[in-house]
>>> print(open('protein_35.txt').read())   # compact mmCIF, C-alpha atoms
# COMPACT_ATOMS: atom_id res chain seq x y z
CA MET A 42 -34.31 -131.84 52.38
CA SER A 43 -36.51 -134.40 50.62
CA THR A 44 -39.21 -133.53 48.09
CA ILE A 45 -42.65 -134.15 49.61
CA ALA A 46 -46.09 -134.69 48.13
CA ALA A 47 -49.66 -135.02 49.40
CA ILE A 48 -53.26 -134.51 48.38
CA SER A 49 -54.18 -130.98 49.46
CA THR A 50 -57.93 -131.15 48.88
CA PRO A 51 -60.45 -133.19 50.94
CA GLN A 52 -60.24 -136.86 50.01
CA GLY A 53 -63.71 -137.49 48.68
CA THR A 54 -65.57 -137.45 45.40
CA GLY A 55 -65.68 -133.98 43.86
CA GLY A 56 -65.07 -131.94 40.76
CA ILE A 57 -61.34 -131.50 41.31
CA SER A 58 -58.44 -132.72 43.44
CA VAL A 59 -55.10 -130.97 43.96
CA ILE A 60 -51.83 -132.79 44.67
CA ARG A 61 -49.01 -130.60 45.96
CA ILE A 62 -45.30 -131.39 45.43
CA SER A 63 -42.63 -129.30 47.18
CA GLY A 64 -38.85 -129.54 47.33
CA GLU A 65 -35.73 -129.22 45.23
CA SER A 66 -36.81 -132.04 42.85
CA ALA A 67 -40.43 -130.94 42.52
CA PHE A 68 -40.20 -129.97 38.85
CA GLU A 69 -38.30 -133.11 37.81
CA ILE A 70 -40.79 -135.36 39.61
CA ALA A 71 -43.78 -133.53 38.14
CA ASP A 72 -42.25 -133.78 34.68
CA ARG A 73 -42.17 -137.59 34.97
CA VAL A 74 -45.92 -137.86 35.60
CA PHE A 75 -47.33 -134.81 33.82
CA LYS A 76 -47.04 -134.32 30.06
CA PRO A 77 -48.15 -130.84 28.95
CA SER A 78 -49.76 -130.52 25.53
CA LYS A 79 -46.74 -128.39 24.57
CA GLY A 80 -43.26 -128.36 26.07
CA SER A 81 -42.45 -129.80 29.50
CA VAL A 82 -42.83 -128.94 33.16
CA LEU A 83 -39.08 -128.23 33.35
CA LYS A 84 -39.38 -125.37 30.83
CA MET A 85 -42.42 -123.70 32.41
CA SER A 86 -42.10 -120.17 33.77
CA ALA A 87 -42.92 -119.36 37.39
CA ASN A 88 -46.59 -118.84 38.28
CA THR A 89 -47.90 -120.43 35.08
CA CYS A 90 -50.28 -123.30 34.33
CA LYS A 91 -50.43 -125.86 31.54
CA TYR A 92 -53.02 -128.42 30.49
CA GLY A 93 -51.84 -131.94 29.77
CA LYS A 94 -52.00 -135.67 30.43
CA ILE A 95 -51.13 -137.41 33.70
CA VAL A 96 -49.34 -140.69 33.03
CA SER A 97 -47.93 -143.69 34.88
CA ALA A 98 -44.34 -144.93 34.64
CA ASP A 99 -45.30 -147.14 31.66
CA GLU A 100 -46.91 -144.14 29.87
CA THR A 101 -50.49 -145.25 30.60
CA ILE A 102 -52.76 -142.21 30.65
CA LEU A 103 -54.39 -141.91 34.08
CA ASP A 104 -56.20 -138.59 33.67
CA ASP A 105 -55.98 -135.16 32.11
CA GLY A 106 -55.50 -132.03 34.21
CA VAL A 107 -53.54 -128.88 34.89
CA VAL A 108 -50.10 -128.34 36.42
CA THR A 109 -49.16 -125.08 38.15
CA VAL A 110 -45.55 -124.10 38.82
CA PHE A 111 -44.27 -121.91 41.65
CA LYS A 112 -40.53 -121.26 41.85
CA SER A 113 -38.47 -120.70 45.00
CA PRO A 114 -38.60 -118.47 46.97
CA ASN A 115 -41.98 -117.19 45.71
CA SER A 116 -44.12 -120.14 46.74
CA TYR A 117 -46.15 -121.06 49.80
CA THR A 118 -43.34 -123.21 51.22
CA GLY A 119 -40.50 -121.07 49.89
CA GLU A 120 -39.35 -124.08 47.82
CA ASP A 121 -39.89 -125.12 44.21
CA THR A 122 -43.51 -126.28 44.16
CA CYS A 123 -45.87 -127.91 41.67
CA GLU A 124 -49.59 -128.45 42.05
CA ILE A 125 -51.30 -131.00 39.83
CA SER A 126 -55.07 -130.58 39.50
CA CYS A 127 -56.93 -133.68 38.38
CA HIS A 128 -60.52 -134.93 38.43
CA GLY A 129 -61.79 -135.41 41.95
CA GLY A 130 -62.31 -139.16 42.13
CA ILE A 131 -60.83 -140.86 45.18
CA TYR A 132 -59.24 -143.70 43.24
CA VAL A 133 -57.71 -141.63 40.43
CA THR A 134 -56.31 -139.05 42.88
CA ARG A 135 -54.62 -141.70 45.02
CA ARG A 136 -53.34 -143.52 41.94
CA ILE A 137 -51.69 -140.33 40.67
CA LEU A 138 -50.18 -139.72 44.10
CA ARG A 139 -48.67 -143.23 44.04
CA GLU A 140 -47.05 -142.44 40.68
CA ILE A 141 -45.60 -139.25 42.14
CA PHE A 142 -44.09 -141.30 44.97
CA LYS A 143 -42.66 -143.75 42.42
CA ALA A 144 -41.12 -140.77 40.62
CA GLY A 145 -39.14 -139.81 43.71
CA ALA A 146 -41.32 -137.87 46.16
CA VAL A 147 -41.96 -138.96 49.74
CA PRO A 148 -45.24 -138.62 51.66
CA ALA A 149 -45.67 -135.30 53.47
CA SER A 150 -46.37 -135.54 57.17
CA ALA A 151 -49.17 -133.60 58.88
CA GLY A 152 -48.66 -129.87 58.40
CA GLU A 153 -45.30 -130.31 56.67
CA PHE A 154 -45.96 -127.82 53.86
CA THR A 155 -46.78 -125.08 56.36
CA LYS A 156 -43.90 -126.18 58.60
CA ARG A 157 -41.51 -125.69 55.68
CA ALA A 158 -43.05 -122.26 55.05
CA PHE A 159 -42.25 -121.38 58.67
CA LEU A 160 -38.72 -122.81 58.55
CA ASN A 161 -38.06 -120.96 55.29
CA GLY A 162 -39.17 -117.65 56.75
CA LYS A 163 -42.38 -117.34 54.74
CA LEU A 164 -44.56 -117.28 57.86
CA SER A 165 -44.12 -116.51 61.54
CA LEU A 166 -45.24 -119.22 63.95
CA THR A 167 -48.40 -117.28 64.81
CA GLN A 168 -49.19 -116.88 61.11
CA ALA A 169 -48.65 -120.60 60.55
CA GLU A 170 -50.99 -121.46 63.43
CA ALA A 171 -53.57 -119.08 61.95
CA VAL A 172 -53.73 -121.30 58.86
CA MET A 173 -55.53 -124.00 60.86
CA ASP A 174 -57.82 -121.39 62.42
CA LEU A 175 -58.64 -120.17 58.91
CA ILE A 176 -59.52 -123.70 57.80
CA SER A 177 -61.69 -124.36 60.86
CA ALA A 178 -63.32 -120.90 61.15
CA ASN A 179 -67.01 -121.33 62.00
CA GLY A 180 -68.25 -117.73 62.01
CA SER A 181 -67.55 -114.25 60.69
CA GLN A 182 -65.58 -113.14 63.76
CA THR A 183 -63.41 -116.26 63.95
CA LEU A 184 -62.79 -115.95 60.19
CA ASN A 185 -61.89 -112.28 60.57
CA SER A 186 -59.48 -113.04 63.40
CA ALA A 187 -57.86 -115.93 61.49
CA VAL A 188 -57.40 -113.73 58.40
CA ASN A 189 -55.83 -110.97 60.51
CA ALA A 190 -53.51 -113.44 62.23
CA ARG A 191 -52.62 -115.05 58.88
CA GLN A 192 -51.67 -111.60 57.60
CA GLY A 193 -49.48 -111.13 60.65
CA ARG A 194 -51.44 -108.63 62.76
CA LEU A 195 -51.02 -110.52 66.04
CA TYR A 196 -47.34 -111.12 65.23
CA LYS A 197 -46.82 -107.40 64.55
CA GLN A 198 -48.34 -106.45 67.90
CA ILE A 199 -46.13 -108.92 69.73
CA LYS A 200 -43.11 -107.84 67.68
CA GLN A 201 -43.63 -104.20 68.65
CA VAL A 202 -43.57 -105.15 72.33
CA SER A 203 -40.55 -107.44 71.98
CA ASP A 204 -38.63 -104.81 69.94
CA ARG A 205 -39.33 -102.24 72.66
CA LEU A 206 -38.07 -104.65 75.33
CA VAL A 207 -34.89 -105.26 73.31
CA THR A 208 -34.29 -101.50 73.21
CA ILE A 209 -34.89 -101.12 76.95
CA LEU A 210 -32.60 -104.05 77.78
CA GLY A 211 -29.91 -102.66 75.51
CA GLU A 212 -30.01 -99.30 77.26
CA LEU A 213 -29.93 -100.91 80.70
CA ALA A 214 -27.06 -103.24 79.75
CA ALA A 215 -24.99 -100.37 78.41
CA TRP A 216 -25.49 -98.34 81.57
CA VAL A 217 -24.80 -101.30 83.92
CA ASP A 218 -21.88 -102.87 82.02
CA TYR A 219 -19.98 -99.73 81.05
CA PRO A 220 -20.10 -97.34 84.03
CA GLU A 221 -16.71 -95.87 83.04
CA GLU A 222 -18.21 -94.53 79.81
CA ASP A 223 -20.19 -91.93 81.76
CA LEU A 224 -23.42 -92.89 80.03
CA PRO A 225 -26.61 -91.14 81.21
CA GLU A 226 -28.39 -93.02 83.98
CA ALA A 227 -31.58 -94.79 83.01
CA ASP A 228 -34.62 -92.60 83.67
CA PRO A 229 -36.98 -94.54 86.01
CA VAL A 230 -40.03 -92.58 84.82
CA ALA A 231 -39.28 -93.22 81.14
CA LEU A 232 -38.58 -96.88 81.93
CA GLU A 233 -41.87 -97.19 83.81
CA ASN A 234 -43.76 -95.60 80.92
CA SER A 235 -42.19 -98.04 78.45
CA ILE A 236 -43.09 -101.02 80.63
CA ASP A 237 -46.64 -99.67 81.07
CA SER A 238 -47.00 -99.37 77.31
CA ALA A 239 -45.94 -102.99 76.82
CA ILE A 240 -48.28 -104.14 79.60
CA SER A 241 -51.26 -102.36 78.03
CA VAL A 242 -50.72 -104.07 74.66
CA LEU A 243 -50.56 -107.54 76.23
CA GLU A 244 -53.44 -106.73 78.57
CA ARG A 245 -55.64 -105.84 75.60
CA ILE A 246 -54.78 -109.09 73.84
CA LEU A 247 -55.34 -111.20 76.97
CA LYS A 248 -58.62 -109.50 77.85
CA ASN A 249 -60.45 -111.06 74.90
CA TYR A 250 -59.08 -114.56 75.46
CA ASP A 251 -62.24 -116.03 77.01
CA SER A 252 -64.51 -114.38 74.44
CA GLY A 253 -62.30 -115.59 71.61
CA LYS A 254 -62.26 -119.12 72.99
CA VAL A 255 -66.07 -119.11 73.12
CA LEU A 256 -66.32 -117.94 69.51
CA ARG A 257 -63.73 -120.43 68.27
CA ASP A 258 -64.51 -123.58 70.27
CA GLY A 259 -68.19 -123.15 71.15
CA ILE A 260 -69.95 -123.76 74.46
CA ASP A 261 -70.95 -127.14 75.88
CA THR A 262 -74.64 -126.45 76.58
CA ALA A 263 -77.35 -128.46 78.33
CA ILE A 264 -81.04 -127.66 77.78
CA VAL A 265 -82.76 -128.78 80.99
CA GLY A 266 -86.16 -128.51 82.61
CA LYS A 267 -89.22 -130.50 83.61
CA ALA A 268 -90.99 -132.73 81.15
CA ASN A 269 -93.13 -130.96 78.54
CA VAL A 270 -91.88 -127.40 79.15
CA GLY A 271 -90.74 -127.06 75.53
CA LYS A 272 -87.08 -128.07 75.63
CA SER A 273 -87.20 -130.08 72.39
CA THR A 274 -89.22 -127.37 70.61
CA LEU A 275 -86.59 -124.83 71.66
CA MET A 276 -83.80 -127.15 70.49
CA ASN A 277 -85.44 -127.55 67.08
CA ASN A 278 -85.97 -123.77 66.76
CA ILE A 279 -82.32 -123.04 67.53
CA LEU A 280 -81.17 -125.68 65.02
CA GLY A 281 -83.64 -124.60 62.34
CA PHE A 282 -84.79 -128.16 61.72
CA GLU A 283 -86.52 -130.97 63.61
CA ARG A 284 -83.88 -132.93 65.50
CA SER A 285 -85.74 -133.72 68.72
CA ILE A 286 -89.12 -135.47 68.74
CA VAL A 287 -91.85 -133.15 70.01
CA THR A 288 -95.18 -134.45 71.42
CA ASP A 289 -97.58 -133.49 74.19
CA ILE A 290 -96.70 -136.72 75.99
CA GLU A 291 -94.43 -136.25 79.02
CA GLY A 292 -91.20 -138.22 78.88
CA THR A 293 -90.91 -138.27 75.05
CA THR A 294 -87.18 -137.45 75.23
CA ARG A 295 -85.46 -140.33 77.03
CA ASP A 296 -81.88 -139.91 75.92
CA ILE A 297 -79.58 -136.94 75.35
CA VAL A 298 -79.94 -135.52 71.82
CA GLU A 299 -76.80 -133.67 70.73
CA GLU A 300 -76.24 -131.18 67.90
CA THR A 301 -74.15 -128.09 67.15
CA ALA A 302 -75.80 -124.77 66.29
CA ARG A 303 -74.77 -121.16 65.78
CA VAL A 304 -76.85 -118.60 67.67
CA GLY A 305 -75.78 -115.16 66.52
CA GLU A 306 -71.97 -115.26 66.68
CA ILE A 307 -71.85 -117.93 69.39
CA LEU A 308 -71.47 -121.63 68.67
CA LEU A 309 -73.42 -123.93 70.99
CA ARG A 310 -72.74 -127.63 71.39
CA LEU A 311 -76.32 -128.40 72.40
CA SER A 312 -77.66 -131.33 74.42
CA ASP A 313 -81.43 -131.71 74.69
CA THR A 314 -81.95 -133.71 77.88
CA ALA A 315 -84.76 -135.86 79.25
CA GLY A 316 -87.38 -133.99 81.29
CA LEU A 317 -86.63 -133.93 85.00
CA ARG A 318 -89.48 -135.59 86.89
CA GLU A 319 -90.33 -138.50 89.15
CA THR A 320 -91.31 -141.57 87.15
CA GLY A 321 -91.60 -145.32 87.59
CA ASP A 322 -90.31 -145.96 84.04
CA ILE A 323 -86.86 -147.58 84.41
CA ILE A 324 -85.64 -146.51 80.94
CA GLU A 325 -86.86 -142.93 81.39
CA ASN A 326 -85.16 -142.80 84.79
CA MET A 327 -81.87 -143.74 83.14
CA GLY A 328 -82.31 -140.81 80.76
CA ILE A 329 -83.12 -138.47 83.65
CA GLU A 330 -79.94 -139.54 85.47
CA LEU A 331 -77.94 -138.77 82.31
CA SER A 332 -79.64 -135.36 82.22
CA ARG A 333 -78.52 -134.60 85.78
CA LYS A 334 -74.92 -135.59 84.96
CA LYS A 335 -74.96 -133.42 81.83
CA LEU A 336 -76.33 -130.51 83.85
CA ASP A 337 -73.43 -130.80 86.29
CA THR A 338 -70.70 -130.86 83.59
CA ALA A 339 -72.06 -128.37 81.04
CA GLN A 340 -70.37 -124.97 80.60
CA LEU A 341 -73.78 -123.36 80.04
CA VAL A 342 -77.23 -124.41 81.23
CA ILE A 343 -80.35 -123.27 79.39
CA ALA A 344 -83.05 -123.89 81.98
CA VAL A 345 -86.54 -123.92 80.48
CA PHE A 346 -89.67 -123.21 82.52
CA ASP A 347 -93.35 -123.16 81.57
CA SER A 348 -94.36 -119.54 82.24
CA SER A 349 -98.05 -120.53 82.26
CA SER A 350 -97.59 -122.68 85.39
CA PRO A 351 -96.38 -121.61 88.85
CA LEU A 352 -93.14 -123.00 90.22
CA ASP A 353 -93.41 -126.36 91.96
CA SER A 354 -90.98 -128.39 94.05
CA SER A 355 -89.26 -129.86 90.95
CA ASP A 356 -88.66 -126.37 89.55
CA LEU A 357 -87.24 -125.15 92.85
CA GLU A 358 -84.96 -128.20 93.07
CA LEU A 359 -83.64 -127.46 89.57
CA LEU A 360 -83.09 -123.79 90.42
CA GLU A 361 -81.04 -124.69 93.49
CA ARG A 362 -78.98 -127.09 91.39
CA ILE A 363 -78.09 -124.44 88.79
CA LYS A 364 -77.64 -121.56 91.23
CA ASN A 365 -73.85 -121.49 90.91
CA LYS A 366 -73.64 -122.33 87.20
CA LYS A 367 -73.58 -120.14 84.11
CA THR A 368 -77.31 -120.20 83.38
CA LEU A 369 -79.72 -118.70 80.88
CA ILE A 370 -83.29 -119.04 82.13
CA VAL A 371 -85.92 -119.33 79.41
CA LEU A 372 -89.55 -118.66 80.30
CA ASN A 373 -91.44 -120.46 77.56
CA LYS A 374 -95.10 -120.44 76.45
CA THR A 375 -95.60 -116.69 76.75
CA ASP A 376 -98.44 -117.09 74.22
CA LEU A 377 -100.46 -118.47 77.16
CA GLU A 378 -101.53 -116.61 80.29
CA GLN A 379 -98.30 -115.97 82.22
CA LYS A 380 -97.90 -116.95 85.86
CA LEU A 381 -94.09 -116.63 85.93
CA PHE A 382 -92.06 -113.51 85.17
CA ALA A 383 -88.38 -112.59 84.89
CA ASN A 384 -88.21 -110.98 88.34
CA ASP A 385 -89.28 -114.29 89.91
CA PHE A 386 -85.80 -115.62 89.06
CA SER A 387 -83.62 -112.73 90.22
CA ASP A 388 -82.00 -114.87 92.93
CA TYR A 389 -80.89 -117.50 90.42
CA SER A 390 -79.70 -115.78 87.23
CA ARG A 391 -79.36 -112.29 85.79
CA CYS A 392 -80.07 -113.64 82.31
CA VAL A 393 -83.76 -114.38 81.75
CA VAL A 394 -85.63 -114.32 78.44
CA GLU A 395 -89.37 -114.68 77.87
CA ILE A 396 -90.38 -116.43 74.64
CA SER A 397 -92.88 -118.65 72.92
CA ALA A 398 -90.70 -121.40 71.45
CA LYS A 399 -93.46 -122.35 69.01
CA ASN A 400 -93.31 -118.93 67.39
CA GLU A 401 -90.11 -117.04 68.20
CA GLY A 402 -87.26 -116.60 70.63
CA THR A 403 -83.90 -117.31 69.00
CA ASP A 404 -83.07 -113.60 68.57
CA LYS A 405 -83.67 -112.96 72.28
CA ILE A 406 -81.54 -115.96 73.17
CA ALA A 407 -78.74 -114.81 70.82
CA ASN A 408 -78.70 -111.35 72.43
CA ALA A 409 -78.66 -112.82 75.92
CA LEU A 410 -75.80 -115.19 75.11
CA GLU A 411 -73.66 -112.44 73.59
CA GLU A 412 -74.25 -110.37 76.72
CA MET A 413 -73.21 -113.34 78.87
CA PHE A 414 -70.10 -114.42 77.01
CA LEU A 415 -68.71 -111.42 75.15
CA ASN A 416 -67.30 -108.82 77.52
CA ASN A 417 -68.59 -105.26 77.31
CA ASP A 418 -65.40 -103.94 75.74
CA PHE A 419 -65.19 -106.80 73.27
CA ASP A 420 -63.87 -105.73 69.87
CA PRO A 421 -65.51 -107.80 67.09
CA HIS A 422 -62.42 -107.21 64.95
CA THR A 423 -59.98 -108.31 67.63
CA ASP A 424 -57.33 -111.00 67.24
CA PHE A 425 -57.87 -114.26 69.12
CA PHE A 426 -55.24 -116.67 70.30
CA ALA A 427 -55.08 -119.69 68.03
CA ASN A 428 -54.29 -122.01 70.94
CA GLU A 429 -53.23 -122.40 74.55
CA ARG A 430 -49.54 -122.14 73.60
CA GLN A 431 -49.96 -118.57 72.43
CA HIS A 432 -52.06 -117.66 75.47
CA ALA A 433 -49.58 -119.20 77.92
CA CYS A 434 -46.62 -117.35 76.36
CA THR A 435 -48.45 -114.01 76.43
CA GLU A 436 -49.70 -114.50 79.99
CA LYS A 437 -46.19 -115.36 81.19
CA ALA A 438 -44.73 -112.28 79.49
CA TYR A 439 -47.49 -110.12 80.98
CA GLU A 440 -46.83 -111.43 84.50
CA LYS A 441 -43.08 -110.82 84.12
CA LEU A 442 -43.72 -107.23 82.98
CA ILE A 443 -45.92 -106.65 86.05
CA ASP A 444 -43.10 -108.06 88.22
CA ALA A 445 -40.59 -105.79 86.48
CA LYS A 446 -42.73 -102.71 87.13
CA ASP A 447 -43.24 -103.66 90.80
CA SER A 448 -39.47 -104.16 91.18
CA LEU A 449 -38.79 -100.77 89.60
CA LEU A 450 -41.28 -98.96 91.86
CA SER A 451 -39.96 -100.68 94.98
CA GLY A 452 -36.43 -99.48 94.28
CA ILE A 453 -34.85 -102.84 93.48
CA SER A 454 -31.66 -102.57 91.41
CA LEU A 455 -31.94 -102.20 87.65
CA ASP A 456 -29.99 -105.47 87.31
CA CYS A 457 -32.95 -107.33 88.81
CA VAL A 458 -35.41 -105.39 86.64
CA SER A 459 -33.37 -106.41 83.58
CA VAL A 460 -33.53 -110.10 84.50
CA THR A 461 -37.33 -109.96 84.76
CA LEU A 462 -37.64 -108.06 81.47
CA GLU A 463 -35.43 -110.67 79.79
CA SER A 464 -37.84 -113.41 80.95
CA ALA A 465 -40.75 -111.47 79.45
CA LEU A 466 -38.86 -111.09 76.18
CA GLU A 467 -38.06 -114.82 76.08
CA SER A 468 -41.77 -115.65 76.30
CA LEU A 469 -42.65 -113.25 73.48
CA LEU A 470 -39.89 -114.60 71.24
CA GLU A 471 -41.17 -118.13 71.91
CA LEU A 472 -44.69 -117.01 71.00
CA ALA A 473 -43.55 -115.57 67.67
CA GLY A 474 -41.37 -118.57 66.92
CA GLU A 475 -38.13 -116.59 66.92
CA ARG A 476 -36.71 -118.62 69.78
CA VAL A 477 -38.48 -121.93 69.99
CA THR A 478 -37.44 -125.56 70.44
CA ASP A 479 -37.85 -128.25 67.80
CA ALA A 480 -40.27 -130.02 70.14
CA VAL A 481 -42.59 -127.00 70.19
CA VAL A 482 -42.44 -126.66 66.39
CA ASP A 483 -43.20 -130.37 65.91
CA ASP A 484 -46.12 -130.15 68.33
CA VAL A 485 -47.61 -127.12 66.55
CA PHE A 486 -47.57 -128.69 63.10
CA SER A 487 -48.66 -132.15 64.25
CA ARG A 488 -52.18 -130.71 64.64
CA PHE A 489 -52.38 -129.77 60.95
CA CYS A 490 -54.01 -131.91 58.30
CA VAL A 491 -51.83 -133.76 55.78
CA GLY A 492 -51.51 -131.71 52.62
CA LYS A 493 -51.40 -128.32 54.35
>>> encode(input="protein_35.txt", output="structure tokens")
Amino acid sequence: MSTIAAISTPQGTGGISVIRISGESAFEIADRVFKPSKGSVLKMSANTCKYGKIVSADETILDDGVVTVFKSPNSYTGEDTCEISCHGGIYVTRRILREIFKAGAVPASAGEFTKRAFLNGKLSLTQAEAVMDLISANGSQTLNSAVNARQGRLYKQIKQVSDRLVTILGELAAWVDYPEEDLPEADPVALENSIDSAISVLERILKNYDSGKVLRDGIDTAIVGKANVGKSTLMNNILGFERSIVTDIEGTTRDIVEETARVGEILLRLSDTAGLRETGDIIENMGIELSRKKLDTAQLVIAVFDSSSPLDSSDLELLERIKNKKTLIVLNKTDLEQKLFANDFSDYSRCVVEISAKNEGTDKIANALEEMFLNNDFDPHTDFFANERQHACTEKAYEKLIDAKDSLLSGISLDCVSVTLESALESLLELAGERVTDAVVDDVFSRFCVGK
């Protein structure tokens, strides 16, 4: 296998850049471009660093830095690995990388370092996928889940189920294939209990899928309402800075203003839309039409109403439009005399908060959103699926286990039960990466950044 190299830090100006080299010729290649102040890279002990000069093929000094040596199999990839730390200029980093290529390395493809770690048995497939979740974690719960998955907690849970299925299948095969050996007949009650135990583990993991997806990917959210009800003020409060223009003039917002914000543990991909009203302004009407389209496609609608004014025909039209959507109703301007109250909206949404966007409200909104999107039994320390591949494999295994239990209870032969259990096991082995095609492996690591 070739020796690969890539820049492992973000490619921008900074204090330091790290270039990773991995493969059987890593030390020889590093020795050609890095000259320690004493000795050579080839004579360095494992897990040690040395300061020195980084040079080109003609011995021109390009930079000074530090080289770190990791010897197989005790490295991230499981191969001989060197990491050269240099100053974080874009030009100097790329120039050093070119010299490393000249010295014999080849460019690493996206995710190739982690792919080699998987192929060399340093990581399970679920652990490898957790690396990208760790990099992209956007909150404490997603970080916690990614760390747990990186340490193998999800893999261990799946492994326990798959190991139990292997044991069950072995017992069934022995009884079916060797009747002359007078082996004890499989106990249907014990078999049912074992299947139930496996089902409960997968059920617990699947139950938090939607909540985990919300925490990891965020929610496409439209803030809608009539003109001048306080949508832009609410948007700015949620963001913590002024993003939308706020005035007392109706129709100030004419286009969709988009930003991402974290409210409690939930990530919102916010769109502040133009106020819904009848107007003769052609440009404003275009913005209002965009607002209606955004309302129809959003995963969550935050519908804002002026609590100091009674509902009119425009409000009622909006309420009918959002009746079948996931909606948080916000009654704004509670600092004024209220003419609207939460029970006025009981036919349209169970989630209503009363706030004064000028002064407060984000805590109430955060609590309401967590109640809407995190199920009541949600464990904040749970493990989330890194992607749809993991979810699909687990769901398929779960469905096959349900089928196996139904077959057992209906009196179908144990041969048929075994076939269904084998299908469940296949899905779990695919999830863990123990039985997976090259195409699946390539697809997983193609989503990684180069240098990881």
>>> residues_around(input="protein_35.txt", residues="range 76-89 of chain A", least_positions_apart="3", cutoff="7 Å", atoms="all atoms listed in the file", output="list in words")
Phe68, Glu69, Ala71, Asp72, Tyr92, Gly93, Lys94, Ile95, Thr109, Val110, Phe111 and Lys112 of chain A
>>> closest_residue(input="protein_35.txt", among="A:Lys334, A:Arg61, A:Lys272, A:Lys437", to="Glu153 in chain A", atoms="all atoms listed in the file")
A:Arg61
>>> residues_around(input="protein_35.txt", residues="Asp121 in chain A", least_positions_apart="5", cutoff="9 Å", atoms="only C-alpha atoms", output="CSV table (one decimal) with C-alpha atoms, in the coordinates of the input")
chain,number,residue,atom,x,y,z
A,62,ILE,CA,-45.3,-131.4,45.4
A,63,SER,CA,-42.6,-129.3,47.2
A,64,GLY,CA,-38.8,-129.5,47.3
A,65,GLU,CA,-35.7,-129.2,45.2
A,66,SER,CA,-36.8,-132.0,42.8
A,67,ALA,CA,-40.4,-130.9,42.5
A,68,PHE,CA,-40.2,-130.0,38.8
A,110,VAL,CA,-45.6,-124.1,38.8
A,111,PHE,CA,-44.3,-121.9,41.6
A,112,LYS,CA,-40.5,-121.3,41.8
A,113,SER,CA,-38.5,-120.7,45.0
A,114,PRO,CA,-38.6,-118.5,47.0
A,115,ASN,CA,-42.0,-117.2,45.7
A,116,SER,CA,-44.1,-120.1,46.7
>>> closest_residue(input="protein_35.txt", among="A:Leu247, A:Ile240, A:Val108, A:Val59", to="Glu429 in chain A", atoms="all atoms listed in the file")
A:Leu247
>>> atom_distance(input="protein_35.txt", atom1="CA of Arg391 in chain A", atom2="CA of Ser350 in chain A")
21.0 Å
>>> closest_residue(input="protein_35.txt", among="A:Leu160, A:Lys366, A:Ile246, A:Ile48", to="Tyr196 in chain A", atoms="only C-alpha atoms")
A:Ile246
>>> closest_residue(input="protein_35.txt", among="A:Tyr439, A:Leu410, A:Gly266, A:Asn277", to="Leu357 in chain A", atoms="all atoms listed in the file")
A:Gly266
>>> atom_distance(input="protein_35.txt", atom1="CA of Ile279 in chain A", atom2="CA of Glu358 in chain A")
26.2 Å
>>> residues_around(input="protein_35.txt", residues="range 201-213 of chain A", least_positions_apart="6", cutoff="9 Å", atoms="only C-alpha atoms", output="number ranges by chain")
A: 226-227, 232, 235-236, 238-240, 242-243, 455-456, 459, 462-463, 465-467, 469-470
>>> write_last_selection(input="protein_35.txt", atoms="C-alpha atoms", output="PDB file, in the coordinates of the input")
ATOM      1  CA  GLU A 226     -28.390 -93.020  83.980  1.00  0.00           C
ATOM      2  CA  ALA A 227     -31.580 -94.790  83.010  1.00  0.00           C
ATOM      3  CA  LEU A 232     -38.580 -96.880  81.930  1.00  0.00           C
ATOM      4  CA  SER A 235     -42.190 -98.040  78.450  1.00  0.00           C
ATOM      5  CA  ILE A 236     -43.090-101.020  80.630  1.00  0.00           C
ATOM      6  CA  SER A 238     -47.000 -99.370  77.310  1.00  0.00           C
ATOM      7  CA  ALA A 239     -45.940-102.990  76.820  1.00  0.00           C
ATOM      8  CA  ILE A 240     -48.280-104.140  79.600  1.00  0.00           C
ATOM      9  CA  VAL A 242     -50.720-104.070  74.660  1.00  0.00           C
ATOM     10  CA  LEU A 243     -50.560-107.540  76.230  1.00  0.00           C
ATOM     11  CA  LEU A 455     -31.940-102.200  87.650  1.00  0.00           C
ATOM     12  CA  ASP A 456     -29.990-105.470  87.310  1.00  0.00           C
ATOM     13  CA  SER A 459     -33.370-106.410  83.580  1.00  0.00           C
ATOM     14  CA  LEU A 462     -37.640-108.060  81.470  1.00  0.00           C
ATOM     15  CA  GLU A 463     -35.430-110.670  79.790  1.00  0.00           C
ATOM     16  CA  ALA A 465     -40.750-111.470  79.450  1.00  0.00           C
ATOM     17  CA  LEU A 466     -38.860-111.090  76.180  1.00  0.00           C
ATOM     18  CA  GLU A 467     -38.060-114.820  76.080  1.00  0.00           C
ATOM     19  CA  LEU A 469     -42.650-113.250  73.480  1.00  0.00           C
ATOM     20  CA  LEU A 470     -39.890-114.600  71.240  1.00  0.00           C
TER      21      LEU A 470
END
>>> closest_residue(input="protein_35.txt", among="A:Ser464, A:Thr155, A:Ser58, A:Asn161", to="Arg135 in chain A", atoms="only C-alpha atoms")
A:Ser58
>>> closest_residue(input="protein_35.txt", among="A:Ser273, A:Ala149, A:Ala144, A:Gly56", to="Met42 in chain A", atoms="only C-alpha atoms")
A:Ala149
>>> residues_around(input="protein_35.txt", residues="Gln340 in chain A", least_positions_apart="5", cutoff="8 Å", atoms="all atoms listed in the file", output="ChimeraX atom specification")
/A:260-262,366-367
